[in-house]
Amino acid sequence: MGAFEITLSNYEGGDEEVAIPEGVTRIGRYAFANKFMMRKVAIPEGVTRIDQYAFNSSMQLKEVAFPSTLEVIGEGAFNACTDLLEINLSESVKELGPRAFQRCNAVTEVVVPGSIENIPEGAFKGCRMLERVVVSEGVRTIGKDAFNGCSRLREVVLPSTLDMLEDGVFADCTALPAIDLPQSVGWIGRKCFENCTSLARIDLPDGIGYIEERTFAGCEALACVTVPDSVTGMEPDAFLGCTLLETPEEEEEAAAEEEDVAPEA
């Protein structure tokens, strides 16, 4: 006889601490949604999937113990779990759904394992206390608005396997002072860094061919951009509002002009 699946489809209790029974293999859609008293959940080994919006808006939830068997976390599974303190994802997780951890406002650090090749749209959008993100080797794309609005984000580590940053990935990350883009990145989407008001310098990878609409618009602290020879064009508003901006060539020209006008000793 083949293996069978046991889904927990609805939890009606009001406990602060919940231990999901052994034998459950799947947590169903909205199973724990809007449980305002729940503060801690232990998910047992054997659970492989958490479905869409399973814990949506359980705003008092602070702690979740994920099993090493977990493979899929569905769309919006922990959306608006505003008190959740940690997100500990193991290499067993292969797939995140869109907005899986959107508006988890208490989380300060996220490590995305390399087993998740594609970080989906809005995965960590609006996590307002998030300060540090590590994207592990193996991740290839970061989806639209994945970290949009993470207004305290200050450190991002990206892997050498990364191919693409889609639209708005780091938009409105107003505390981000710098980011190292790996040379593997060949595409940066529209509004990717829009309104990153603390970003001071960016070195674009050699494979970038075009700078899209409003990619760096509103980056008012941006003073220097390294543009590789591979870039063949850009949208007129790519750097809209970047009033301090100079290219390295312009910096050199300005320095030379200063030397020319310097008074003799």
# chains A, B, ... in the order shown; residues from 1 in each chain; ligands from 1
>>> select_by_dssp(residues="stretch 180-213 of chain A", states="strand (DSSP E or B)", output="number ranges by chain")
A: 187-188, 201-203, 210-211
>>> write_last_selection(atoms="C-alpha atoms", output="PDB file, in the first residue's frame")
ATOM      1  CA  TRP A 187      18.764  41.559 -15.276  1.00  0.00           C
ATOM      2  CA  ILE A 188      17.580  44.202 -12.795  1.00  0.00           C
ATOM      3  CA  ARG A 201      26.968  53.762  -4.347  1.00  0.00           C
ATOM      4  CA  ILE A 202      26.166  50.931  -6.761  1.00  0.00           C
ATOM      5  CA  ASP A 203      28.431  48.918  -9.044  1.00  0.00           C
ATOM      6  CA  TYR A 210      19.772  47.933 -20.015  1.00  0.00           C
ATOM      7  CA  ILE A 211      18.759  50.039 -17.018  1.00  0.00           C
TER       8      ILE A 211
END
>>> residues_around(residues="stretch 233-246 of chain A", least_positions_apart="2", cutoff="6 Å", atoms="only C-alpha atoms", output="PyMOL selection string")
chain A and resi 210-220+222-224+231+250
>>> write_last_selection(atoms="N, CA and C atoms", output="PDB file, in the first residue's frame")
ATOM      1  N   TYR A 210      20.680  46.791 -19.942  1.00  0.00           N
ATOM      2  CA  TYR A 210      19.772  47.933 -20.015  1.00  0.00           C
ATOM      3  C   TYR A 210      19.342  48.290 -18.596  1.00  0.00           C
ATOM      4  N   ILE A 211      19.220  49.583 -18.333  1.00  0.00           N
ATOM      5  CA  ILE A 211      18.759  50.039 -17.018  1.00  0.00           C
ATOM      6  C   ILE A 211      17.300  50.452 -17.163  1.00  0.00           C
ATOM      7  N   GLU A 212      16.446  49.774 -16.436  1.00  0.00           N
ATOM      8  CA  GLU A 212      15.010  49.881 -16.651  1.00  0.00           C
ATOM      9  C   GLU A 212      14.386  51.115 -15.978  1.00  0.00           C
ATOM     10  N   GLU A 213      13.090  51.252 -16.221  1.00  0.00           N
ATOM     11  CA  GLU A 213      12.289  52.359 -15.709  1.00  0.00           C
ATOM     12  C   GLU A 213      12.411  52.504 -14.192  1.00  0.00           C
ATOM     13  N   ARG A 214      12.830  53.678 -13.742  1.00  0.00           N
ATOM     14  CA  ARG A 214      12.859  54.069 -12.321  1.00  0.00           C
ATOM     15  C   ARG A 214      13.655  53.090 -11.446  1.00  0.00           C
ATOM     16  N   THR A 215      14.623  52.432 -12.034  1.00  0.00           N
ATOM     17  CA  THR A 215      15.391  51.444 -11.264  1.00  0.00           C
ATOM     18  C   THR A 215      15.972  52.043  -9.999  1.00  0.00           C
ATOM     19  N   PHE A 216      16.527  53.261 -10.095  1.00  0.00           N
ATOM     20  CA  PHE A 216      17.140  53.908  -8.939  1.00  0.00           C
ATOM     21  C   PHE A 216      16.475  55.249  -8.629  1.00  0.00           C
ATOM     22  N   ALA A 217      15.280  55.470  -9.104  1.00  0.00           N
ATOM     23  CA  ALA A 217      14.593  56.743  -8.890  1.00  0.00           C
ATOM     24  C   ALA A 217      14.411  57.003  -7.391  1.00  0.00           C
ATOM     25  N   GLY A 218      14.634  58.234  -6.998  1.00  0.00           N
ATOM     26  CA  GLY A 218      14.436  58.612  -5.602  1.00  0.00           C
ATOM     27  C   GLY A 218      15.551  58.206  -4.671  1.00  0.00           C
ATOM     28  N   CYS A 219      16.663  57.702  -5.213  1.00  0.00           N
ATOM     29  CA  CYS A 219      17.822  57.355  -4.374  1.00  0.00           C
ATOM     30  C   CYS A 219      18.625  58.627  -4.144  1.00  0.00           C
ATOM     31  N   GLU A 220      18.172  59.425  -3.229  1.00  0.00           N
ATOM     32  CA  GLU A 220      18.687  60.780  -3.095  1.00  0.00           C
ATOM     33  C   GLU A 220      20.107  60.849  -2.532  1.00  0.00           C
ATOM     34  N   LEU A 222      22.435  58.619  -3.522  1.00  0.00           N
ATOM     35  CA  LEU A 222      23.277  57.933  -4.499  1.00  0.00           C
ATOM     36  C   LEU A 222      24.224  58.927  -5.160  1.00  0.00           C
ATOM     37  N   ALA A 223      25.534  58.722  -4.932  1.00  0.00           N
ATOM     38  CA  ALA A 223      26.522  59.670  -5.436  1.00  0.00           C
ATOM     39  C   ALA A 223      27.403  59.097  -6.527  1.00  0.00           C
ATOM     40  N   CYS A 224      27.453  57.765  -6.639  1.00  0.00           N
ATOM     41  CA  CYS A 224      28.331  57.174  -7.642  1.00  0.00           C
ATOM     42  C   CYS A 224      27.761  55.855  -8.146  1.00  0.00           C
ATOM     43  N   VAL A 231      26.198  47.853 -20.835  1.00  0.00           N
ATOM     44  CA  VAL A 231      24.954  48.633 -20.842  1.00  0.00           C
ATOM     45  C   VAL A 231      24.856  49.412 -22.146  1.00  0.00           C
ATOM     46  N   GLU A 250      32.980  61.036 -14.114  1.00  0.00           N
ATOM     47  CA  GLU A 250      32.712  62.410 -13.701  1.00  0.00           C
ATOM     48  C   GLU A 250      33.500  62.771 -12.440  1.00  0.00           C
TER      49      GLU A 250
END
>>> atom_distance(atom1="atom CA of A:Arg99", atom2="atom CA of A:Cys81")
11.6 Å
>>> residues_around(residues="A:Val169", least_positions_apart="5", cutoff="10 Å", atoms="only C-alpha atoms", output="ChimeraX atom specification")
/A:121-125,142-149,188-194
>>> write_last_selection(atoms="all heavy atoms", output="compact mmCIF listing (two decimals), in the first residue's frame")
# COMPACT_ATOMS: atom_id res chain seq x y z
N GLU A 121 7.24 36.45 -5.51
CA GLU A 121 6.71 37.80 -5.38
C GLU A 121 6.27 38.09 -3.94
O GLU A 121 5.52 37.32 -3.34
CB GLU A 121 5.53 38.00 -6.32
CG GLU A 121 4.89 39.37 -6.24
CD GLU A 121 3.75 39.56 -7.22
OE1 GLU A 121 3.63 38.75 -8.16
OE2 GLU A 121 2.98 40.53 -7.06
N GLY A 122 6.75 39.21 -3.41
CA GLY A 122 6.28 39.69 -2.11
C GLY A 122 6.60 38.78 -0.94
O GLY A 122 5.98 38.93 0.12
N ALA A 123 7.55 37.88 -1.07
CA ALA A 123 7.79 36.86 -0.05
C ALA A 123 7.99 37.45 1.34
O ALA A 123 7.46 36.93 2.33
CB ALA A 123 8.98 36.00 -0.43
N PHE A 124 8.76 38.55 1.42
CA PHE A 124 9.05 39.19 2.70
C PHE A 124 8.69 40.68 2.66
O PHE A 124 9.25 41.47 3.42
CB PHE A 124 10.53 39.00 3.06
CG PHE A 124 10.95 37.55 3.13
CD1 PHE A 124 11.53 36.94 2.02
CD2 PHE A 124 10.75 36.80 4.27
CE1 PHE A 124 11.92 35.60 2.07
CE2 PHE A 124 11.13 35.46 4.33
CZ PHE A 124 11.71 34.86 3.23
N LYS A 125 7.78 41.02 1.82
CA LYS A 125 7.41 42.42 1.63
C LYS A 125 6.87 43.02 2.93
O LYS A 125 6.07 42.42 3.64
CB LYS A 125 6.34 42.53 0.53
CG LYS A 125 5.92 43.96 0.21
CD LYS A 125 4.89 43.98 -0.91
CE LYS A 125 4.46 45.41 -1.24
NZ LYS A 125 3.46 45.44 -2.33
N ILE A 142 15.16 36.52 -7.57
CA ILE A 142 14.41 37.13 -6.48
C ILE A 142 13.24 37.86 -7.12
O ILE A 142 13.42 38.75 -7.96
CB ILE A 142 15.28 38.09 -5.65
CG1 ILE A 142 16.49 37.34 -5.08
CG2 ILE A 142 14.46 38.71 -4.52
CD1 ILE A 142 17.42 38.21 -4.26
N GLY A 143 12.03 37.47 -6.75
CA GLY A 143 10.83 37.91 -7.43
C GLY A 143 10.37 39.32 -7.07
O GLY A 143 10.88 39.97 -6.14
N LYS A 144 9.40 39.76 -7.80
CA LYS A 144 8.85 41.11 -7.69
C LYS A 144 8.50 41.47 -6.24
O LYS A 144 7.82 40.70 -5.55
CB LYS A 144 7.61 41.23 -8.57
CG LYS A 144 6.95 42.60 -8.55
CD LYS A 144 5.72 42.61 -9.45
CE LYS A 144 5.04 43.97 -9.40
NZ LYS A 144 3.81 43.99 -10.24
N ASP A 145 8.99 42.61 -5.79
CA ASP A 145 8.64 43.17 -4.48
C ASP A 145 9.00 42.26 -3.31
O ASP A 145 8.44 42.40 -2.22
CB ASP A 145 7.14 43.50 -4.42
CG ASP A 145 6.71 44.58 -5.39
OD1 ASP A 145 7.53 45.46 -5.70
OD2 ASP A 145 5.56 44.54 -5.86
N ALA A 146 9.94 41.34 -3.51
CA ALA A 146 10.23 40.35 -2.47
C ALA A 146 10.59 40.97 -1.13
O ALA A 146 10.19 40.46 -0.07
CB ALA A 146 11.34 39.40 -2.93
N PHE A 147 11.35 42.08 -1.16
CA PHE A 147 11.75 42.76 0.07
C PHE A 147 11.31 44.23 0.07
O PHE A 147 11.85 45.04 0.84
CB PHE A 147 13.27 42.66 0.26
CG PHE A 147 13.77 41.24 0.42
CD1 PHE A 147 14.29 40.55 -0.66
CD2 PHE A 147 13.68 40.60 1.64
CE1 PHE A 147 14.73 39.24 -0.52
CE2 PHE A 147 14.12 39.28 1.79
CZ PHE A 147 14.64 38.61 0.71
N ASN A 148 10.36 44.53 -0.74
CA ASN A 148 9.83 45.89 -0.86
C ASN A 148 9.32 46.38 0.51
O ASN A 148 8.60 45.67 1.20
CB ASN A 148 8.69 45.89 -1.88
CG ASN A 148 8.19 47.28 -2.21
OD1 ASN A 148 8.05 48.13 -1.36
ND2 ASN A 148 7.92 47.51 -3.49
N GLY A 149 9.72 47.59 0.87
CA GLY A 149 9.18 48.19 2.08
C GLY A 149 9.79 47.67 3.37
O GLY A 149 9.24 47.94 4.45
N ILE A 188 18.11 43.48 -13.95
CA ILE A 188 17.58 44.20 -12.79
C ILE A 188 16.29 44.87 -13.25
O ILE A 188 16.29 45.66 -14.19
CB ILE A 188 18.59 45.25 -12.29
CG1 ILE A 188 19.88 44.56 -11.84
CG2 ILE A 188 18.00 46.05 -11.13
CD1 ILE A 188 20.99 45.53 -11.45
N GLY A 189 15.21 44.56 -12.59
CA GLY A 189 13.89 44.99 -13.04
C GLY A 189 13.55 46.44 -12.71
O GLY A 189 14.29 47.16 -12.03
N ARG A 190 12.41 46.85 -13.19
CA ARG A 190 11.90 48.21 -12.98
C ARG A 190 11.74 48.49 -11.47
O ARG A 190 11.33 47.64 -10.71
CB ARG A 190 10.55 48.39 -13.66
CG ARG A 190 10.57 48.25 -15.17
CD ARG A 190 9.20 48.42 -15.78
NE ARG A 190 8.22 47.52 -15.17
CZ ARG A 190 7.17 47.92 -14.47
NH1 ARG A 190 6.94 49.20 -14.27
NH2 ARG A 190 6.33 47.04 -13.97
N LYS A 191 12.10 49.70 -11.08
CA LYS A 191 11.89 50.18 -9.71
C LYS A 191 12.57 49.30 -8.66
O LYS A 191 12.17 49.30 -7.49
CB LYS A 191 10.39 50.29 -9.40
CG LYS A 191 9.62 51.16 -10.36
CD LYS A 191 8.14 51.26 -10.00
CE LYS A 191 7.38 52.12 -10.99
NZ LYS A 191 5.95 52.24 -10.64
N CYS A 192 13.59 48.57 -9.07
CA CYS A 192 14.21 47.59 -8.18
C CYS A 192 14.73 48.23 -6.90
O CYS A 192 14.59 47.66 -5.81
CB CYS A 192 15.33 46.85 -8.90
SG CYS A 192 15.97 45.43 -7.99
N PHE A 193 15.34 49.41 -7.02
CA PHE A 193 15.90 50.10 -5.86
C PHE A 193 15.24 51.47 -5.65
O PHE A 193 15.82 52.34 -5.01
CB PHE A 193 17.41 50.28 -6.02
CG PHE A 193 18.18 48.98 -6.01
CD1 PHE A 193 18.50 48.34 -7.21
CD2 PHE A 193 18.56 48.38 -4.83
CE1 PHE A 193 19.20 47.14 -7.21
CE2 PHE A 193 19.26 47.18 -4.82
CZ PHE A 193 19.58 46.57 -6.01
N GLU A 194 14.07 51.64 -6.16
CA GLU A 194 13.38 52.93 -6.06
C GLU A 194 13.22 53.35 -4.60
O GLU A 194 12.84 52.55 -3.75
CB GLU A 194 12.02 52.88 -6.73
CG GLU A 194 11.30 54.22 -6.76
CD GLU A 194 9.98 54.15 -7.52
OE1 GLU A 194 9.27 53.14 -7.38
OE2 GLU A 194 9.68 55.11 -8.26
>>> atom_distance(atom1="atom CA of A:Val47", atom2="atom CA of A:Val64")
13.2 Å
>>> residues_around(residues="A:Glu16", least_positions_apart="4", cutoff="6 Å", atoms="only C-alpha atoms", output="list in words")
Met37, Met38 and Arg39 of chain A
>>> write_last_selection(atoms="C-alpha atoms", output="PDB file, in the first residue's frame")
ATOM      1  CA  MET A  37      -4.634  33.928  21.043  1.00  0.00           C
ATOM      2  CA  MET A  38      -2.106  31.517  19.549  1.00  0.00           C
ATOM      3  CA  ARG A  39       1.504  32.337  20.414  1.00  0.00           C
TER       4      ARG A  39
END
>>> closest_residue(among="A:Glu71, A:Glu63, A:Asp167, A:Glu91", to="A:Cys104", atoms="only C-alpha atoms")
A:Glu63
>>> decode(residues="stretch 208-231 of chain A", atoms="N, CA and C atoms", output="PDB file, in the first residue's frame")
ATOM      1  N   ILE A 208      24.790  43.341 -17.281  1.00  0.00           N
ATOM      2  CA  ILE A 208      23.596  44.172 -17.425  1.00  0.00           C
ATOM      3  C   ILE A 208      23.615  44.870 -18.784  1.00  0.00           C
ATOM      4  N   GLY A 209      22.502  44.749 -19.513  1.00  0.00           N
ATOM      5  CA  GLY A 209      22.435  45.359 -20.834  1.00  0.00           C
ATOM      6  C   GLY A 209      21.615  46.625 -20.900  1.00  0.00           C
ATOM      7  N   TYR A 210      20.680  46.791 -19.942  1.00  0.00           N
ATOM      8  CA  TYR A 210      19.772  47.933 -20.015  1.00  0.00           C
ATOM      9  C   TYR A 210      19.342  48.290 -18.596  1.00  0.00           C
ATOM     10  N   ILE A 211      19.220  49.583 -18.333  1.00  0.00           N
ATOM     11  CA  ILE A 211      18.759  50.039 -17.018  1.00  0.00           C
ATOM     12  C   ILE A 211      17.300  50.452 -17.163  1.00  0.00           C
ATOM     13  N   GLU A 212      16.446  49.774 -16.436  1.00  0.00           N
ATOM     14  CA  GLU A 212      15.010  49.881 -16.651  1.00  0.00           C
ATOM     15  C   GLU A 212      14.386  51.115 -15.978  1.00  0.00           C
ATOM     16  N   GLU A 213      13.090  51.252 -16.221  1.00  0.00           N
ATOM     17  CA  GLU A 213      12.289  52.359 -15.709  1.00  0.00           C
ATOM     18  C   GLU A 213      12.411  52.504 -14.192  1.00  0.00           C
ATOM     19  N   ARG A 214      12.830  53.678 -13.742  1.00  0.00           N
ATOM     20  CA  ARG A 214      12.859  54.069 -12.321  1.00  0.00           C
ATOM     21  C   ARG A 214      13.655  53.090 -11.446  1.00  0.00           C
ATOM     22  N   THR A 215      14.623  52.432 -12.034  1.00  0.00           N
ATOM     23  CA  THR A 215      15.391  51.444 -11.264  1.00  0.00           C
ATOM     24  C   THR A 215      15.972  52.043  -9.999  1.00  0.00           C
ATOM     25  N   PHE A 216      16.527  53.261 -10.095  1.00  0.00           N
ATOM     26  CA  PHE A 216      17.140  53.908  -8.939  1.00  0.00           C
ATOM     27  C   PHE A 216      16.475  55.249  -8.629  1.00  0.00           C
ATOM     28  N   ALA A 217      15.280  55.470  -9.104  1.00  0.00           N
ATOM     29  CA  ALA A 217      14.593  56.743  -8.890  1.00  0.00           C
ATOM     30  C   ALA A 217      14.411  57.003  -7.391  1.00  0.00           C
ATOM     31  N   GLY A 218      14.634  58.234  -6.998  1.00  0.00           N
ATOM     32  CA  GLY A 218      14.436  58.612  -5.602  1.00  0.00           C
ATOM     33  C   GLY A 218      15.551  58.206  -4.671  1.00  0.00           C
ATOM     34  N   CYS A 219      16.663  57.702  -5.213  1.00  0.00           N
ATOM     35  CA  CYS A 219      17.822  57.355  -4.374  1.00  0.00           C
ATOM     36  C   CYS A 219      18.625  58.627  -4.144  1.00  0.00           C
ATOM     37  N   GLU A 220      18.172  59.425  -3.229  1.00  0.00           N
ATOM     38  CA  GLU A 220      18.687  60.780  -3.095  1.00  0.00           C
ATOM     39  C   GLU A 220      20.107  60.849  -2.532  1.00  0.00           C
ATOM     40  N   ALA A 221      20.594  59.759  -1.907  1.00  0.00           N
ATOM     41  CA  ALA A 221      21.976  59.734  -1.405  1.00  0.00           C
ATOM     42  C   ALA A 221      22.948  59.131  -2.411  1.00  0.00           C
ATOM     43  N   LEU A 222      22.435  58.619  -3.522  1.00  0.00           N
ATOM     44  CA  LEU A 222      23.277  57.933  -4.499  1.00  0.00           C
ATOM     45  C   LEU A 222      24.224  58.927  -5.160  1.00  0.00           C
ATOM     46  N   ALA A 223      25.534  58.722  -4.932  1.00  0.00           N
ATOM     47  CA  ALA A 223      26.522  59.670  -5.436  1.00  0.00           C
ATOM     48  C   ALA A 223      27.403  59.097  -6.527  1.00  0.00           C
ATOM     49  N   CYS A 224      27.453  57.765  -6.639  1.00  0.00           N
ATOM     50  CA  CYS A 224      28.331  57.174  -7.642  1.00  0.00           C
ATOM     51  C   CYS A 224      27.761  55.855  -8.146  1.00  0.00           C
ATOM     52  N   VAL A 225      27.754  55.702  -9.457  1.00  0.00           N
ATOM     53  CA  VAL A 225      27.308  54.465 -10.095  1.00  0.00           C
ATOM     54  C   VAL A 225      28.368  54.028 -11.088  1.00  0.00           C
ATOM     55  N   THR A 226      28.772  52.774 -10.995  1.00  0.00           N
ATOM     56  CA  THR A 226      29.669  52.199 -11.990  1.00  0.00           C
ATOM     57  C   THR A 226      28.833  51.496 -13.043  1.00  0.00           C
ATOM     58  N   VAL A 227      28.895  51.989 -14.272  1.00  0.00           N
ATOM     59  CA  VAL A 227      28.106  51.448 -15.376  1.00  0.00           C
ATOM     60  C   VAL A 227      29.037  50.680 -16.309  1.00  0.00           C
ATOM     61  N   PRO A 228      28.834  49.375 -16.487  1.00  0.00           N
ATOM     62  CA  PRO A 228      29.738  48.598 -17.339  1.00  0.00           C
ATOM     63  C   PRO A 228      29.502  48.855 -18.822  1.00  0.00           C
ATOM     64  N   ASP A 229      30.462  48.461 -19.642  1.00  0.00           N
ATOM     65  CA  ASP A 229      30.355  48.636 -21.092  1.00  0.00           C
ATOM     66  C   ASP A 229      29.200  47.844 -21.694  1.00  0.00           C
ATOM     67  N   SER A 230      28.731  46.835 -20.979  1.00  0.00           N
ATOM     68  CA  SER A 230      27.632  46.007 -21.502  1.00  0.00           C
ATOM     69  C   SER A 230      26.315  46.762 -21.579  1.00  0.00           C
ATOM     70  N   VAL A 231      26.198  47.853 -20.835  1.00  0.00           N
ATOM     71  CA  VAL A 231      24.954  48.633 -20.842  1.00  0.00           C
ATOM     72  C   VAL A 231      24.856  49.412 -22.146  1.00  0.00           C
TER      73      VAL A 231
END
